file my_file-v8.pdb (PDB, C-alpha atoms)
ATOM      1  CA  MET A   1       1.263   1.936  16.363
ATOM      2  CA  ASP A   2       1.856   1.103  12.690
ATOM      3  CA  ASP A   3      -0.928   0.777  10.112
ATOM      4  CA  GLU A   4      -0.953  -3.028  10.122
ATOM      5  CA  ALA A   5      -1.540  -2.919  13.878
ATOM      6  CA  VAL A   6      -4.279  -0.315  13.390
ATOM      7  CA  ILE A   7      -5.958  -2.558  10.809
ATOM      8  CA  ALA A   8      -5.848  -5.536  13.168
ATOM      9  CA  ARG A   9      -7.198  -3.522  16.082
ATOM     10  CA  ASP A  10      -9.986  -1.841  14.118
ATOM     11  CA  ARG A  11     -11.149  -5.046  12.445
ATOM     12  CA  GLY A  12     -11.478  -6.590  15.863
ATOM     13  CA  ALA A  13     -13.367  -3.590  17.209
ATOM     14  CA  MET A  14     -15.791  -3.494  14.276
ATOM     15  CA  ALA A  15     -16.497  -7.210  14.586
ATOM     16  CA  GLY A  16     -16.728  -7.194  18.364
ATOM     17  CA  GLY A  17     -14.076  -9.882  18.807
ATOM     18  CA  THR A  18     -10.390 -10.267  19.506
ATOM     19  CA  PRO A  19      -8.244  -8.503  16.864
ATOM     20  CA  PRO A  20      -6.476 -10.748  14.363
ATOM     21  CA  GLY A  21      -3.033 -11.827  15.485
ATOM     22  CA  ARG A  22      -3.893 -11.564  19.179
ATOM     23  CA  ALA A  23      -4.807 -15.204  19.776
ATOM     24  CA  HIS A  24      -2.730 -16.369  22.733
ATOM     25  CA  GLY A  25      -0.191 -19.109  22.293
ATOM     26  CA  ARG A  26       1.081 -21.326  19.569
ATOM     27  CA  LEU A  27      -1.679 -23.889  20.127
ATOM     28  CA  ALA A  28      -4.344 -21.273  19.392
ATOM     29  CA  ASP A  29      -2.525 -20.446  16.147
ATOM     30  CA  GLU A  30      -2.456 -24.127  15.195
ATOM     31  CA  VAL A  31      -6.181 -24.453  15.940
ATOM     32  CA  TYR A  32      -6.830 -21.335  13.867
ATOM     33  CA  ASP A  33      -4.877 -22.760  10.907
ATOM     34  CA  THR A  34      -6.753 -26.064  11.190
ATOM     35  CA  LEU A  35     -10.156 -24.367  11.257
ATOM     36  CA  LEU A  36      -9.206 -22.014   8.425
ATOM     37  CA  GLY A  37      -8.197 -24.984   6.283
ATOM     38  CA  GLN A  38     -11.460 -26.793   7.032
ATOM     39  CA  LEU A  39     -13.454 -23.656   6.252
ATOM     40  CA  MET A  40     -11.733 -22.898   2.954
ATOM     41  CA  SER A  41     -11.929 -26.544   1.839
ATOM     42  CA  LEU A  42     -15.645 -26.545   2.749
ATOM     43  CA  ARG A  43     -15.080 -29.428   5.141
ATOM     44  CA  ILE A  44     -16.956 -27.156   7.539
ATOM     45  CA  GLU A  45     -20.011 -26.431   5.428
ATOM     46  CA  PRO A  46     -21.401 -22.916   4.909
ATOM     47  CA  GLY A  47     -24.349 -22.248   7.197
ATOM     48  CA  SER A  48     -23.376 -24.945   9.682
ATOM     49  CA  ARG A  49     -23.152 -24.405  13.430
ATOM     50  CA  VAL A  50     -19.946 -24.948  15.386
ATOM     51  CA  THR A  51     -19.523 -25.055  19.149
ATOM     52  CA  ILE A  52     -16.450 -24.809  21.332
ATOM     53  CA  ASP A  53     -17.009 -28.067  23.197
ATOM     54  CA  VAL A  54     -17.552 -30.117  20.020
ATOM     55  CA  LEU A  55     -14.439 -28.664  18.371
ATOM     56  CA  ALA A  56     -12.410 -29.275  21.536
ATOM     57  CA  ARG A  57     -13.366 -32.948  21.456
ATOM     58  CA  GLU A  58     -12.720 -33.297  17.722
ATOM     59  CA  LEU A  59      -9.290 -31.628  17.869
ATOM     60  CA  GLY A  60      -8.282 -33.066  21.223
ATOM     61  CA  VAL A  61      -7.443 -29.730  22.865
ATOM     62  CA  SER A  62      -8.867 -27.648  25.701
ATOM     63  CA  GLN A  63     -11.567 -25.054  25.113
ATOM     64  CA  THR A  64      -9.217 -22.084  25.634
ATOM     65  CA  PRO A  65      -7.319 -22.280  22.298
ATOM     66  CA  ILE A  66     -10.599 -23.074  20.525
ATOM     67  CA  ARG A  67     -12.170 -19.958  22.009
ATOM     68  CA  ASP A  68      -9.159 -17.814  21.107
ATOM     69  CA  ALA A  69      -9.148 -19.116  17.533
ATOM     70  CA  LEU A  70     -12.894 -18.558  17.090
ATOM     71  CA  ASN A  71     -12.642 -15.040  18.501
ATOM     72  CA  ARG A  72      -9.968 -14.289  15.935
ATOM     73  CA  MET A  73     -12.080 -15.799  13.160
ATOM     74  CA  GLU A  74     -15.088 -13.763  14.247
ATOM     75  CA  ALA A  75     -13.023 -10.578  13.983
ATOM     76  CA  GLU A  76     -12.103 -11.561  10.416
ATOM     77  CA  GLY A  77     -15.686 -12.313   9.387
ATOM     78  CA  LEU A  78     -15.023 -16.033   9.027
ATOM     79  CA  VAL A  79     -17.592 -17.047  11.655
ATOM     80  CA  VAL A  80     -20.576 -15.352  13.262
ATOM     81  CA  ARG A  81     -21.249 -15.544  16.976
ATOM     82  CA  VAL A  82     -24.767 -16.739  17.845
ATOM     83  CA  PRO A  83     -25.855 -15.737  21.376
ATOM     84  CA  HIS A  84     -26.100 -18.784  23.671
ATOM     85  CA  ALA A  85     -25.565 -21.124  20.690
ATOM     86  CA  GLY A  86     -21.891 -20.976  19.760
ATOM     87  CA  TYR A  87     -20.861 -19.885  16.275
ATOM     88  CA  ARG A  88     -22.221 -20.202  12.746
ATOM     89  CA  ILE A  89     -20.378 -20.398   9.433
ATOM     90  CA  PRO A  90     -21.683 -17.665   7.108
ATOM     91  CA  PRO A  91     -23.668 -19.039   4.170
ATOM     92  CA  GLN A  92     -22.005 -19.127   0.768
ATOM     93  CA  ILE A  93     -22.539 -15.884  -1.091
ATOM     94  CA  THR A  94     -25.309 -15.860  -3.710
ATOM     95  CA  ARG A  95     -24.884 -14.587  -7.277
ATOM     96  CA  HIS A  96     -27.250 -11.694  -6.591
ATOM     97  CA  ARG A  97     -25.354 -10.575  -3.484
ATOM     98  CA  PHE A  98     -22.074 -10.946  -5.348
ATOM     99  CA  GLU A  99     -23.254  -8.535  -8.057
ATOM    100  CA  ASP A 100     -24.523  -6.060  -5.452
ATOM    101  CA  MET A 101     -21.225  -6.258  -3.598
ATOM    102  CA  LEU A 102     -19.267  -5.694  -6.806
ATOM    103  CA  GLU A 103     -21.321  -2.590  -7.569
ATOM    104  CA  ILE A 104     -20.594  -1.110  -4.135
ATOM    105  CA  ARG A 105     -16.880  -1.846  -4.440
ATOM    106  CA  LEU A 106     -16.749  -0.133  -7.833
ATOM    107  CA  LEU A 107     -18.293   2.967  -6.278
ATOM    108  CA  LEU A 108     -16.025   3.103  -3.241
ATOM    109  CA  GLU A 109     -12.638   1.544  -3.904
ATOM    110  CA  PRO A 110     -11.453   3.549  -6.945
ATOM    111  CA  ALA A 111     -12.291   6.708  -4.982
ATOM    112  CA  ALA A 112     -10.291   5.372  -2.028
ATOM    113  CA  ALA A 113      -7.313   4.587  -4.280
ATOM    114  CA  ARG A 114      -7.490   8.094  -5.758
ATOM    115  CA  ARG A 115      -7.412   9.664  -2.295
ATOM    116  CA  SER A 116      -4.667   7.298  -1.205
ATOM    117  CA  ALA A 117      -2.456   8.547  -4.051
ATOM    118  CA  GLU A 118      -3.028  12.069  -2.740
ATOM    119  CA  ARG A 119      -2.772  11.431   0.995
ATOM    120  CA  ALA A 120      -0.859   8.227   1.784
ATOM    121  CA  SER A 121       2.198   8.696   3.967
ATOM    122  CA  LEU A 122       5.548   7.182   3.076
ATOM    123  CA  GLN A 123       4.983   4.721   5.932
ATOM    124  CA  GLN A 124       1.643   3.649   4.456
ATOM    125  CA  VAL A 125       3.147   3.175   0.986
ATOM    126  CA  ALA A 126       5.856   1.053   2.583
ATOM    127  CA  GLY A 127       3.124  -0.905   4.393
ATOM    128  CA  LEU A 128       1.353  -1.617   1.104
ATOM    129  CA  ARG A 129       4.587  -2.883  -0.411
ATOM    130  CA  ARG A 130       5.216  -5.024   2.661
ATOM    131  CA  MET A 131       1.757  -6.567   2.306
ATOM    132  CA  LEU A 132       2.474  -7.375  -1.341
ATOM    133  CA  ALA A 133       5.660  -9.145  -0.270
ATOM    134  CA  GLU A 134       3.756 -11.205   2.309
ATOM    135  CA  MET A 135       1.111 -12.125  -0.246
ATOM    136  CA  ALA A 136       3.807 -13.138  -2.741
ATOM    137  CA  GLU A 137       5.147 -15.619  -0.186
ATOM    138  CA  LEU A 138       1.662 -17.056   0.353
ATOM    139  CA  GLU A 139       1.030 -17.226  -3.401
ATOM    140  CA  GLY A 140       3.475 -20.095  -3.684
ATOM    141  CA  GLY A 141       1.764 -22.087  -0.943
ATOM    142  CA  SER A 142      -0.576 -24.962  -1.612
ATOM    143  CA  GLY A 143      -3.771 -26.112   0.029
ATOM    144  CA  PRO A 144      -6.816 -24.303   1.375
ATOM    145  CA  THR A 145      -5.034 -22.889   4.437
ATOM    146  CA  ALA A 146      -2.493 -20.977   2.348
ATOM    147  CA  TYR A 147      -5.273 -19.871   0.001
ATOM    148  CA  GLY A 148      -7.385 -18.663   2.925
ATOM    149  CA  ALA A 149      -4.424 -16.790   4.426
ATOM    150  CA  PHE A 150      -3.897 -15.097   1.045
ATOM    151  CA  GLY A 151      -7.542 -14.023   1.026
ATOM    152  CA  LEU A 152      -7.207 -12.436   4.471
ATOM    153  CA  ARG A 153      -4.053 -10.557   3.448
ATOM    154  CA  ASP A 154      -5.901  -9.464   0.309
ATOM    155  CA  ALA A 155      -8.574  -7.978   2.563
ATOM    156  CA  ALA A 156      -5.911  -6.272   4.694
ATOM    157  CA  PHE A 157      -4.349  -4.786   1.547
ATOM    158  CA  HIS A 158      -7.602  -3.194   0.448
ATOM    159  CA  ASP A 159      -8.232  -2.032   3.999
ATOM    160  CA  LEU A 160      -4.875  -0.234   4.109
ATOM    161  CA  VAL A 161      -5.678   1.523   0.838
ATOM    162  CA  ALA A 162      -8.918   2.759   2.422
ATOM    163  CA  LEU A 163      -7.102   3.712   5.643
ATOM    164  CA  SER A 164      -4.492   5.738   3.762
ATOM    165  CA  ALA A 165      -7.310   7.525   1.890
ATOM    166  CA  GLU A 166      -8.330   9.003   5.258
ATOM    167  CA  ASN A 167     -12.021   8.300   4.702
ATOM    168  CA  GLN A 168     -13.296   6.266   7.630
ATOM    169  CA  ILE A 169     -16.807   5.926   6.190
ATOM    170  CA  ILE A 170     -15.502   4.185   3.068
ATOM    171  CA  ARG A 171     -13.266   1.980   5.192
ATOM    172  CA  GLU A 172     -16.073   0.918   7.533
ATOM    173  CA  ALA A 173     -18.442   0.241   4.634
ATOM    174  CA  LEU A 174     -15.898  -2.030   2.937
ATOM    175  CA  ALA A 175     -15.084  -3.836   6.182
ATOM    176  CA  ARG A 176     -18.735  -4.664   6.795
ATOM    177  CA  LEU A 177     -18.976  -6.357   3.400
ATOM    178  CA  HIS A 178     -16.314  -8.940   4.280
ATOM    179  CA  SER A 179     -16.200  -9.312   0.511
ATOM    180  CA  HIS A 180     -12.809 -10.999   0.327
ATOM    181  CA  VAL A 181     -13.783 -13.637   2.849
ATOM    182  CA  HIS A 182     -16.899 -14.515   0.841
ATOM    183  CA  LEU A 183     -15.114 -14.535  -2.503
ATOM    184  CA  PHE A 184     -12.134 -16.610  -1.469
ATOM    185  CA  ARG A 185     -14.453 -19.216   0.022
ATOM    186  CA  LEU A 186     -16.060 -19.754  -3.383
ATOM    187  CA  HIS A 187     -13.305 -21.790  -4.906
ATOM    188  CA  HIS A 188      -9.661 -22.737  -4.362
ATOM    189  CA  ASP A 189      -8.049 -21.343  -7.500
ATOM    190  CA  THR A 190      -4.353 -20.414  -7.564
ATOM    191  CA  GLN A 191      -4.917 -18.493 -10.796
ATOM    192  CA  VAL A 192      -6.967 -15.994  -8.802
ATOM    193  CA  THR A 193      -4.043 -15.233  -6.493
ATOM    194  CA  HIS A 194      -1.531 -14.904  -9.333
ATOM    195  CA  LEU A 195      -3.627 -12.422 -11.308
ATOM    196  CA  ALA A 196      -4.609 -10.443  -8.211
ATOM    197  CA  MET A 197      -0.943  -9.957  -7.301
ATOM    198  CA  ALA A 198      -0.110  -8.279 -10.617
ATOM    199  CA  GLU A 199      -3.135  -5.993 -10.330
ATOM    200  CA  HIS A 200      -2.273  -5.052  -6.738
ATOM    201  CA  GLU A 201       1.224  -4.095  -7.839
ATOM    202  CA  GLN A 202      -0.220  -1.679 -10.400
ATOM    203  CA  VAL A 203      -2.379  -0.044  -7.717
ATOM    204  CA  VAL A 204       0.589   0.400  -5.376
ATOM    205  CA  ALA A 205       2.807   1.731  -8.150
ATOM    206  CA  ALA A 206       0.246   4.429  -8.977
ATOM    207  CA  ILE A 207      -0.204   5.362  -5.306
ATOM    208  CA  ALA A 208       3.574   5.553  -4.797
ATOM    209  CA  ALA A 209       3.860   7.734  -7.923
ATOM    210  CA  ARG A 210       1.216  10.096  -6.502
ATOM    211  CA  ASP A 211      -0.921   9.635  -9.610
ATOM    212  CA  PRO A 212      -4.592   9.779  -8.484
ATOM    213  CA  ASP A 213      -6.071   9.049 -11.927
ATOM    214  CA  ALA A 214      -3.825   6.031 -12.482
ATOM    215  CA  ALA A 215      -4.543   4.720  -8.969
ATOM    216  CA  ALA A 216      -8.308   4.983  -9.450
ATOM    217  CA  TYR A 217      -8.071   3.349 -12.888
ATOM    218  CA  ALA A 218      -5.861   0.513 -11.623
ATOM    219  CA  MET A 219      -8.212  -0.205  -8.732
ATOM    220  CA  ARG A 220     -11.304  -0.128 -10.945
ATOM    221  CA  ARG A 221      -9.669  -2.465 -13.446
ATOM    222  CA  HIS A 222      -8.638  -4.815 -10.635
ATOM    223  CA  ILE A 223     -12.169  -5.005  -9.232
ATOM    224  CA  LEU A 224     -13.702  -5.518 -12.678
ATOM    225  CA  ARG A 225     -11.245  -8.296 -13.554
ATOM    226  CA  SER A 226     -11.683  -9.885 -10.142
ATOM    227  CA  GLY A 227     -15.441  -9.750 -10.693
ATOM    228  CA  ASP A 228     -15.061 -11.547 -14.030
ATOM    229  CA  ARG A 229     -12.901 -14.246 -12.457
ATOM    230  CA  PHE A 230     -15.317 -14.981  -9.653
ATOM    231  CA  ARG A 231     -18.347 -14.617 -11.924
ATOM    232  CA  ARG A 232     -17.042 -17.548 -13.952
ATOM    233  CA  LEU A 233     -17.100 -19.653 -10.789
ATOM    234  CA  PHE A 234     -20.835 -19.042 -10.429
ATOM    235  CA  ASP A 235     -21.301 -20.024 -14.075
ATOM    236  CA  GLU A 236     -19.321 -23.232 -13.541
ATOM    237  CA  VAL A 237     -21.461 -24.191 -10.552
ATOM    238  CA  LYS A 238     -24.622 -23.441 -12.532
ATOM    239  CA  ASP A 239     -23.452 -25.587 -15.447
ATOM    240  CA  ALA A 240     -22.511 -28.425 -13.083
ATOM    241  CA  ASP A 241     -25.936 -28.281 -11.435
ATOM    242  CA  GLY A 242     -27.598 -28.356 -14.851
ATOM    243  CA  MET A 243     -25.645 -31.440 -15.909
ATOM    244  CA  ALA A 244     -26.483 -33.165 -12.638
ATOM    245  CA  ALA A 245     -30.177 -32.452 -13.140
ATOM    246  CA  GLU A 246     -30.083 -33.944 -16.657
ATOM    247  CA  ALA A 247     -28.265 -37.102 -15.529
TER     248      ALA A 247
END

call {"tool": "encode", "arguments": {"input": "my_file-v8.pdb", "output": "structure tokens"}}
result
Amino acid sequence: MDDEAVIARDRGAMAGGTPPGRAHGRLADEVYDTLLGQLMSLRIEPGSRVTIDVLARELGVSQTPIRDALNRMEAEGLVVRVPHAGYRIPPQITRHRFEDMLEIRLLLEPAAARRSAERASLQQVAGLRRMLAEMAELEGGSGPTAYGAFGLRDAAFHDLVALSAENQIIREALARLHSHVHLFRLHHDTQVTHLAMAEHEQVVAAIAARDPDAAAYAMRRHILRSGDRFRRLFDEVKDADGMAAEA
């Protein structure tokens, strides 16, 4: 089993749902893409409740592909299962939680990148490069679905860095944050994807060169710059709310 398959399996196990990529049938994939687009465009509002029967009626399909798609989304942290009540869309991340999450990532991810430069196998380095290639293809896409798919591959990239570091505690801690899901739901901004790609390439180059210091530095710089980019989104929302209050 290759590392991408391990990532898919373990994300599903940690979330208690069906691993990503295991939804059965093309119709389930189409339902998944539709729901992902609605989620990333905020057509499905944060904090709202969704049920299988309602979605089946709205999309005009049976409950089976809806269930498969929601199981996949649960495994990716996009929805939360509510016992006996269907599913709930996670609330939009707050500024305070964003800052806390950034602090944890700065503690864990540079250390993971350092260890990855020391321990990653040739197969894992090749997997990181393959993920970059997949993300580059998505970078050119338009619309919230492509943007959401980029965010999920971004999460998988960081997960593979943690996996290749051979520290399961760091990997599990990062997975529980679902940080990429929360951040990429904040705003549809193609500039974010373009800048992230260049920073990811620097991380992979340092890992491939077996340079632990450079890998840790590249990862820290990436997280700090990513934090600045998303922090500006909070400021924009705050300014917009202030102007609306004055009007």

call {"tool": "atom_distance", "arguments": {"input": "my_file-v8.pdb", "atom1": "atom CA of A:Ser164", "atom2": "atom CA of A:Ala120"}}
result
4.8 Å

call {"tool": "residues_around", "arguments": {"input": "my_file-v8.pdb", "residues": "A:Ala205", "least_positions_apart": "6", "cutoff": "12 Å", "atoms": "all atoms listed in the file", "output": "ChimeraX atom specification"}}
result
/A:113,116-117,125-126,128-129,132,198-199,211-212,214-219

call {"tool": "write_last_selection", "arguments": {"input": "my_file-v8.pdb", "atoms": "C-alpha atoms", "output": "PDB file, in the frame of the given file"}}
result
ATOM      1  CA  ALA A 113      -7.313   4.587  -4.280  1.00  0.00           C
ATOM      2  CA  SER A 116      -4.667   7.298  -1.205  1.00  0.00           C
ATOM      3  CA  ALA A 117      -2.456   8.547  -4.051  1.00  0.00           C
ATOM      4  CA  VAL A 125       3.147   3.175   0.986  1.00  0.00           C
ATOM      5  CA  ALA A 126       5.856   1.053   2.583  1.00  0.00           C
ATOM      6  CA  LEU A 128       1.353  -1.617   1.104  1.00  0.00           C
ATOM      7  CA  ARG A 129       4.587  -2.883  -0.411  1.00  0.00           C
ATOM      8  CA  LEU A 132       2.474  -7.375  -1.341  1.00  0.00           C
ATOM      9  CA  ALA A 198      -0.110  -8.279 -10.617  1.00  0.00           C
ATOM     10  CA  GLU A 199      -3.135  -5.993 -10.330  1.00  0.00           C
ATOM     11  CA  ASP A 211      -0.921   9.635  -9.610  1.00  0.00           C
ATOM     12  CA  PRO A 212      -4.592   9.779  -8.484  1.00  0.00           C
ATOM     13  CA  ALA A 214      -3.825   6.031 -12.482  1.00  0.00           C
ATOM     14  CA  ALA A 215      -4.543   4.720  -8.969  1.00  0.00           C
ATOM     15  CA  ALA A 216      -8.308   4.983  -9.450  1.00  0.00           C
ATOM     16  CA  TYR A 217      -8.071   3.349 -12.888  1.00  0.00           C
ATOM     17  CA  ALA A 218      -5.861   0.513 -11.623  1.00  0.00           C
ATOM     18  CA  MET A 219      -8.212  -0.205  -8.732  1.00  0.00           C
TER      19      MET A 219
END

call {"tool": "resolve_selection", "arguments": {"input": "my_file-v8.pdb", "expression": "the PyMOL selection byres ((chain A and resi 70) around 10)", "output": "ChimeraX atom specification"}}
result
/A:17-18,23,28,31-32,35,50-52,64-69,71-76,78-81,86-87

call {"tool": "closest_residue", "arguments": {"input": "my_file-v8.pdb", "among": "A:Val61, A:Leu160, A:Leu102, A:Leu108", "to": "A:Gln123", "atoms": "only C-alpha atoms"}}
result
A:Leu160

call {"tool": "closest_residue", "arguments": {"input": "my_file-v8.pdb", "among": "A:Ile104, A:Leu152, A:Leu224, A:Ala175", "to": "A:Met131", "atoms": "only C-alpha atoms"}}
result
A:Leu152

call {"tool": "closest_residue", "arguments": {"input": "my_file-v8.pdb", "among": "A:Glu118, A:Leu233, A:Leu174, A:Leu36", "to": "A:Leu106", "atoms": "only C-alpha atoms"}}
result
A:Leu174

call {"tool": "closest_residue", "arguments": {"input": "my_file-v8.pdb", "among": "A:Ser121, A:Ser48, A:Thr193, A:Gln202", "to": "A:Ala85", "atoms": "all atoms listed in the file"}}
result
A:Ser48

call {"tool": "closest_residue", "arguments": {"input": "my_file-v8.pdb", "among": "A:Ala173, A:Met197, A:Leu183, A:Leu122", "to": "A:Arg210", "atoms": "all atoms listed in the file"}}
result
A:Leu122

call {"tool": "closest_residue", "arguments": {"input": "my_file-v8.pdb", "among": "A:Leu195, A:Met135, A:Leu59, A:Ile89", "to": "A:Glu45", "atoms": "all atoms listed in the file"}}
result
A:Ile89

call {"tool": "atom_distance", "arguments": {"input": "my_file-v8.pdb", "atom1": "atom CA of A:Leu138", "atom2": "atom CA of A:Arg153"}}
result
9.2 Å

call {"tool": "atom_distance", "arguments": {"input": "my_file-v8.pdb", "atom1": "atom CA of A:His84", "atom2": "atom CA of A:Gly47"}}
result
16.9 Å

call {"tool": "closest_atom_pairs", "arguments": {"input": "my_file-v8.pdb", "of": "stretch 34-153 of chain A", "to": "stretch 166-172 of chain A", "cutoff": "10 Å", "atoms": "only C-alpha atoms", "output": "Markdown table"}}
result
| residue | atom | partner | partner_atom | distance |
| --- | --- | --- | --- | --- |
| A:Arg105 | CA | A:Ile170 | CA | 9.7 |
| A:Leu107 | CA | A:Ile170 | CA | 9.8 |
| A:Leu108 | CA | A:Ile170 | CA | 6.4 |
| A:Glu109 | CA | A:Ile170 | CA | 8.0 |
| A:Ala111 | CA | A:Ile170 | CA | 9.0 |
| A:Ala112 | CA | A:Ile170 | CA | 7.4 |
| A:Arg115 | CA | A:Glu166 | CA | 7.6 |
| A:Ser116 | CA | A:Glu166 | CA | 7.6 |
| A:Arg119 | CA | A:Glu166 | CA | 7.4 |
| A:Ala120 | CA | A:Glu166 | CA | 8.3 |

call {"tool": "resolve_selection", "arguments": {"input": "my_file-v8.pdb", "expression": "the PyMOL selection byres ((chain A and resi 150) around 9)", "output": "mmCIF file with C-alpha atoms, in the frame of the given file"}}
result
data_model
loop_
_atom_site.group_PDB
_atom_site.id
_atom_site.type_symbol
_atom_site.label_atom_id
_atom_site.label_comp_id
_atom_site.auth_asym_id
_atom_site.auth_seq_id
_atom_site.Cartn_x
_atom_site.Cartn_y
_atom_site.Cartn_z
ATOM 1 C CA GLU A 134 3.756 -11.205 2.309
ATOM 2 C CA MET A 135 1.111 -12.125 -0.246
ATOM 3 C CA ALA A 136 3.807 -13.138 -2.741
ATOM 4 C CA LEU A 138 1.662 -17.056 0.353
ATOM 5 C CA GLU A 139 1.030 -17.226 -3.401
ATOM 6 C CA THR A 145 -5.034 -22.889 4.437
ATOM 7 C CA ALA A 146 -2.493 -20.977 2.348
ATOM 8 C CA TYR A 147 -5.273 -19.871 0.001
ATOM 9 C CA GLY A 148 -7.385 -18.663 2.925
ATOM 10 C CA ALA A 149 -4.424 -16.790 4.426
ATOM 11 C CA GLY A 151 -7.542 -14.023 1.026
ATOM 12 C CA LEU A 152 -7.207 -12.436 4.471
ATOM 13 C CA ARG A 153 -4.053 -10.557 3.448
ATOM 14 C CA ASP A 154 -5.901 -9.464 0.309
ATOM 15 C CA ALA A 155 -8.574 -7.978 2.563
ATOM 16 C CA PHE A 184 -12.134 -16.610 -1.469
ATOM 17 C CA THR A 193 -4.043 -15.233 -6.493
#

call {"tool": "build_atoms", "arguments": {"input": "my_file-v8.pdb", "residues": "stretch 208-214 of chain A", "atoms": "all heavy atoms", "output": "compact mmCIF listing (two decimals), keeping the file's coordinate frame"}}
result
# COMPACT_ATOMS: atom_id res chain seq x y z
N ALA A 208 2.21 5.11 -5.10
CA ALA A 208 3.57 5.55 -4.80
C ALA A 208 4.01 6.69 -5.72
O ALA A 208 4.78 7.58 -5.31
CB ALA A 208 4.54 4.38 -4.91
N ALA A 209 3.52 6.69 -6.96
CA ALA A 209 3.86 7.73 -7.92
C ALA A 209 3.03 8.99 -7.73
O ALA A 209 3.21 9.97 -8.45
CB ALA A 209 3.69 7.20 -9.35
N ARG A 210 2.11 8.95 -6.77
CA ARG A 210 1.22 10.10 -6.50
C ARG A 210 0.42 10.47 -7.75
O ARG A 210 0.26 11.65 -8.09
CB ARG A 210 2.01 11.32 -6.01
CG ARG A 210 2.89 11.05 -4.80
CD ARG A 210 2.09 10.57 -3.62
NE ARG A 210 2.93 10.33 -2.45
CZ ARG A 210 2.50 9.78 -1.31
NH1 ARG A 210 1.23 9.41 -1.21
NH2 ARG A 210 3.31 9.61 -0.31
N ASP A 211 -0.13 9.44 -8.40
CA ASP A 211 -0.92 9.64 -9.61
C ASP A 211 -2.36 9.20 -9.32
O ASP A 211 -2.70 8.02 -9.47
CB ASP A 211 -0.33 8.80 -10.75
CG ASP A 211 -0.97 9.12 -12.10
OD1 ASP A 211 -2.13 9.55 -12.12
OD2 ASP A 211 -0.31 8.90 -13.13
N PRO A 212 -3.22 10.14 -8.89
CA PRO A 212 -4.59 9.78 -8.48
C PRO A 212 -5.39 9.11 -9.60
O PRO A 212 -6.11 8.14 -9.34
CB PRO A 212 -5.21 11.13 -8.08
CG PRO A 212 -4.04 11.99 -7.74
CD PRO A 212 -2.95 11.57 -8.67
N ASP A 213 -5.30 9.63 -10.83
CA ASP A 213 -6.07 9.05 -11.93
C ASP A 213 -5.64 7.61 -12.20
O ASP A 213 -6.48 6.72 -12.40
CB ASP A 213 -5.90 9.90 -13.19
CG ASP A 213 -6.62 11.23 -13.10
OD1 ASP A 213 -7.52 11.36 -12.25
OD2 ASP A 213 -6.26 12.14 -13.87
N ALA A 214 -4.33 7.38 -12.22
CA ALA A 214 -3.82 6.03 -12.48
C ALA A 214 -4.20 5.08 -11.35
O ALA A 214 -4.52 3.91 -11.60
CB ALA A 214 -2.31 6.07 -12.66
